[in-house]
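A.B. asks: Could you have a look at this structure, given as structure tokens, before my questions?
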Amino acid sequence: MTTAPLTELVGRVTKVAEEHVRETDAAAAFPVQALDELRATGLLGLLVPAGDGGLGGSLADVLATSTELGRVDMSLAMIFAMHCQQVAAVLAHADGRLRAELLPELAAGRLYLGSVTTEAGKGGHLLTAESAAAWRDGELLVDRFAPIVTGGKHADGFLITMRAPDAEADNQVSLVYAARDQLEIEEAGGWDPLGMRASDSGALRLRGRLPAHQVVGRHGDFHTIVTTVFGPLAHLGWASCWLGTAAGALSRVIRSLRGSRGRTDLGSELLLTRLSRARQRLDTVHALIGHAREVVETTEDLSTPKVQLLINAVKITAAEECHRAVDELVDAVGMRHGYLRDSPTRLEQSLRDLRSAVLNYSNDRLHLADGRLTLLDQEVRFA
């Protein structure tokens, strides 16, 4: 996809988001106006091939768009990146009939996909499921509670993880698609968090009967989707959102400092050092995302330890470094512009939002996985 049209389309969305970002954060309200613009621009179909009516975008386009949206509103950026993750799974693993049903809706902006992977007993662990799908008269029965569903009250359809019908173990997980009108949806919890407030990620209970062809990939083989799509797209997409949020915060700080000549000592060694460290952290994350994207796009087998370690490193590093960068900026500019909610720097919101990054599929859980992967790579080769 050419850069200029994408830049223009994303600019339309960020303009709308900028107008509403303070009110959606204050009210913990979903960014409905920005989602409407994502629909109108066709960006919900960014990954859909041009031959199927979409924009024909690439992984690089998704990451660049997530970064730009993150500069304005991290909740919106995460909503978009997670939707694109779902679209990528459909493109890579849905069979012909389901693919043919969903792609026109995605391309037209009529289908915003929500992700239902969390469960009360396992958190966000993707490779196991407690709730099981069941067959009845040739249809799949779904009865699923999820404590966190980003944008669930506004999604037009859902990709839902469940234990496969007739599964013998909890790691035989299936991914199924459900349209909103195929489900009974009950709100099962509120959403009043510290940050990421506009993501509106409250709990839902979903019940319904689905046609048998609405499984994505093979029953019980969700592990393949995680390795090839969900893991890479989640970690690179989230990291791009976090990078955008921290970069937007740094940009607003720099504009504020340059606009306060005479009132701020721009030659302060302490200030300059903190600005340098913040920029260094962001350049590091940017470089790591770029390298990992190239590896994902050019490597046939993403399951090898060195590749999995790299993909996990993107998530862990971006979560830590982007939050640290903004935390240092708060110290750099002080109470008035670093801590108060009405500051034009919006550091306070950025810091709250980025605090969620290490918890969004816990860094601790990833370190445990990486420890095991490290033991499998005794030569310490890098992807």
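To be explicit about the labels: the chains of the structure tokens are called A, B, and onward in the order shown, and within each one the residues are counted from 1, while ligands get numbers from 1 in the order they are shown.
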Determine, using only C-alpha atoms, which residues of stretch 274-348 of chain A have any atom at most 8 Å from an atom of stretch 216-238 of chain A, and tabulate each with its shortest atom pair and distance in Å to one decimal place, rows ordered by chain and then rising number, as JSON lines.

C.D. replies:
```
{"residue": "A:Ile289", "atom": "CA", "partner": "A:Leu236", "partner_atom": "CA", "distance": 6.3}
{"residue": "A:Ala292", "atom": "CA", "partner": "A:Leu236", "partner_atom": "CA", "distance": 7.8}
{"residue": "A:Arg293", "atom": "CA", "partner": "A:Leu236", "partner_atom": "CA", "distance": 7.3}
{"residue": "A:Val296", "atom": "CA", "partner": "A:Pro232", "partner_atom": "CA", "distance": 7.3}
{"residue": "A:Leu302", "atom": "CA", "partner": "A:Thr228", "partner_atom": "CA", "distance": 6.4}
{"residue": "A:Ser303", "atom": "CA", "partner": "A:Thr227", "partner_atom": "CA", "distance": 6.2}
{"residue": "A:Ile311", "atom": "CA", "partner": "A:Pro232", "partner_atom": "CA", "distance": 6.2}
{"residue": "A:Asn312", "atom": "CA", "partner": "A:His235", "partner_atom": "CA", "distance": 6.9}
{"residue": "A:Val314", "atom": "CA", "partner": "A:His235", "partner_atom": "CA", "distance": 6.5}
{"residue": "A:Lys315", "atom": "CA", "partner": "A:His235", "partner_atom": "CA", "distance": 5.0}
```

A.B. asks: With N, CA and C atoms retained, could you export that selection as a tab-separated table (two decimals), in the first residue's frame?

C.D. replies:
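Saved file part-v3.tsv follows:
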```tsv
chain	number	residue	atom	x	y	z
A	289	ILE	N	11.13	-3.38	17.18
A	289	ILE	CA	9.90	-3.69	16.44
A	289	ILE	C	10.21	-3.89	14.95
A	292	ALA	N	12.02	-7.24	14.39
A	292	ALA	CA	11.12	-8.38	14.59
A	292	ALA	C	10.12	-8.49	13.45
A	293	ARG	N	9.63	-7.37	12.96
A	293	ARG	CA	8.69	-7.41	11.83
A	293	ARG	C	9.34	-8.07	10.61
A	296	VAL	N	9.49	-11.80	11.19
A	296	VAL	CA	8.17	-12.43	11.06
A	296	VAL	C	7.78	-12.55	9.59
A	302	LEU	N	7.96	-19.87	12.57
A	302	LEU	CA	8.02	-18.91	13.67
A	302	LEU	C	8.07	-19.58	15.03
A	303	SER	N	8.05	-20.90	15.07
A	303	SER	CA	7.98	-21.62	16.34
A	303	SER	C	9.34	-21.89	16.95
A	311	ILE	N	10.20	-12.36	19.50
A	311	ILE	CA	8.84	-11.82	19.53
A	311	ILE	C	8.43	-11.45	20.96
A	312	ASN	N	8.76	-12.30	21.92
A	312	ASN	CA	8.47	-12.00	23.33
A	312	ASN	C	9.27	-10.81	23.82
A	314	VAL	N	10.13	-8.23	22.17
A	314	VAL	CA	9.48	-7.00	21.70
A	314	VAL	C	8.44	-6.54	22.72
A	315	LYS	N	7.59	-7.47	23.14
A	315	LYS	CA	6.53	-7.12	24.08
A	315	LYS	C	7.10	-6.68	25.43
```

A.B. asks: Would you tabulate, counting only C-alpha atoms, all residues of stretch 183-231 of chain A that have an atom at most 9 Å from an atom of stretch 338-360 of chain A, showing the closest pair of atoms and their distance in Å to one decimal, sorted by chain then ascending number, as JSON lines?

C.D. replies:
```
{"residue": "A:Leu194", "atom": "CA", "partner": "A:Arg352", "partner_atom": "CA", "distance": 6.1}
{"residue": "A:Gly195", "atom": "CA", "partner": "A:Asp353", "partner_atom": "CA", "distance": 4.2}
{"residue": "A:Met196", "atom": "CA", "partner": "A:Asp353", "partner_atom": "CA", "distance": 4.9}
{"residue": "A:Arg197", "atom": "CA", "partner": "A:Asp353", "partner_atom": "CA", "distance": 7.9}
```

A.B. asks: Going by DSSP on the backbone, which residues of stretch 41-200 of chain A come out as alpha helix (DSSP H)? List them as a count of residues only.

C.D. replies: 47

A.B. asks: Can you pull out the residues contacting A:Asp192? Cut-off 12 Å, using only C-alpha atoms, and skip same-chain residues under 4 positions away; I want them as a PyMOL selection string.

C.D. replies: chain A and resi 24-30+196-203

A.B. asks: What is the distance, in Å and to one decimal place, between atom CA of A:Leu55 and atom CA of A:Pro104?

C.D. replies: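 Distance between the two atoms: 11.7 Å.
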
A.B. asks: Would you mind writing down, as a short mmCIF file (atom, residue, chain, number, x, y, z; two decimals) with C-alpha atoms, in the first residue's frame, each residue of stretch 87-315 of chain A that DSSP on the backbone assigns to strand (DSSP E or B)?

C.D. replies:
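File written: part.cif
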```cif
data_model
loop_
_atom_site.label_atom_id
_atom_site.label_comp_id
_atom_site.auth_asym_id
_atom_site.auth_seq_id
_atom_site.Cartn_x
_atom_site.Cartn_y
_atom_site.Cartn_z
CA LEU A 113 -14.04 -7.87 15.50
CA GLY A 114 -13.77 -8.35 19.25
CA SER A 115 -11.43 -10.88 20.85
CA VAL A 116 -12.69 -13.30 23.51
CA GLU A 119 -11.32 -16.69 31.32
CA GLY A 123 -6.52 -15.04 32.82
CA ALA A 132 -15.98 -26.17 26.08
CA ALA A 134 -20.44 -28.76 22.24
CA TRP A 135 -22.29 -30.17 19.27
CA ARG A 136 -26.08 -30.12 19.07
CA GLU A 139 -24.32 -26.75 15.41
CA LEU A 140 -21.78 -25.49 17.95
CA LEU A 141 -23.14 -24.47 21.33
CA VAL A 142 -21.31 -21.55 22.94
CA ASP A 143 -21.64 -20.57 26.59
CA ARG A 144 -18.69 -18.40 27.46
CA PHE A 145 -17.82 -15.94 30.22
CA ALA A 146 -14.87 -13.59 29.67
CA GLY A 157 -18.57 -10.06 15.71
CA PHE A 158 -16.21 -12.03 17.91
CA LEU A 159 -13.43 -14.58 17.64
CA ILE A 160 -13.86 -16.82 20.69
CA THR A 161 -11.53 -19.43 22.14
CA MET A 162 -13.13 -22.55 23.61
CA ARG A 163 -12.10 -26.10 24.37
CA VAL A 173 -8.47 -25.22 21.97
CA SER A 174 -10.61 -24.08 19.04
CA LEU A 175 -11.19 -20.57 17.68
CA VAL A 176 -14.73 -19.87 16.51
CA TYR A 177 -16.37 -16.86 14.88
CA ALA A 178 -19.70 -15.55 16.12
CA ALA A 179 -21.67 -12.67 14.68
CA LEU A 183 -25.38 -14.47 20.38
CA GLU A 184 -27.17 -13.50 23.54
CA ILE A 185 -24.79 -10.99 25.16
CA GLU A 186 -24.97 -10.11 28.82
CA GLU A 187 -22.80 -7.43 30.39
CA LEU A 204 -19.29 -10.33 29.02
CA ARG A 205 -21.19 -13.60 28.97
CA LEU A 206 -21.86 -14.91 25.49
CA ARG A 207 -24.36 -17.66 24.62
CA GLY A 208 -25.44 -18.92 21.23
CA ARG A 209 -25.58 -21.60 18.52
CA LEU A 210 -23.20 -21.35 15.58
CA PRO A 211 -23.03 -23.09 12.19
CA VAL A 215 -14.50 -22.53 13.22
CA VAL A 216 -11.27 -20.74 12.26
CA ASP A 221 -5.43 -26.57 16.78
CA ARG A 261 11.56 30.03 25.97
CA THR A 264 12.43 27.17 31.04
#
```
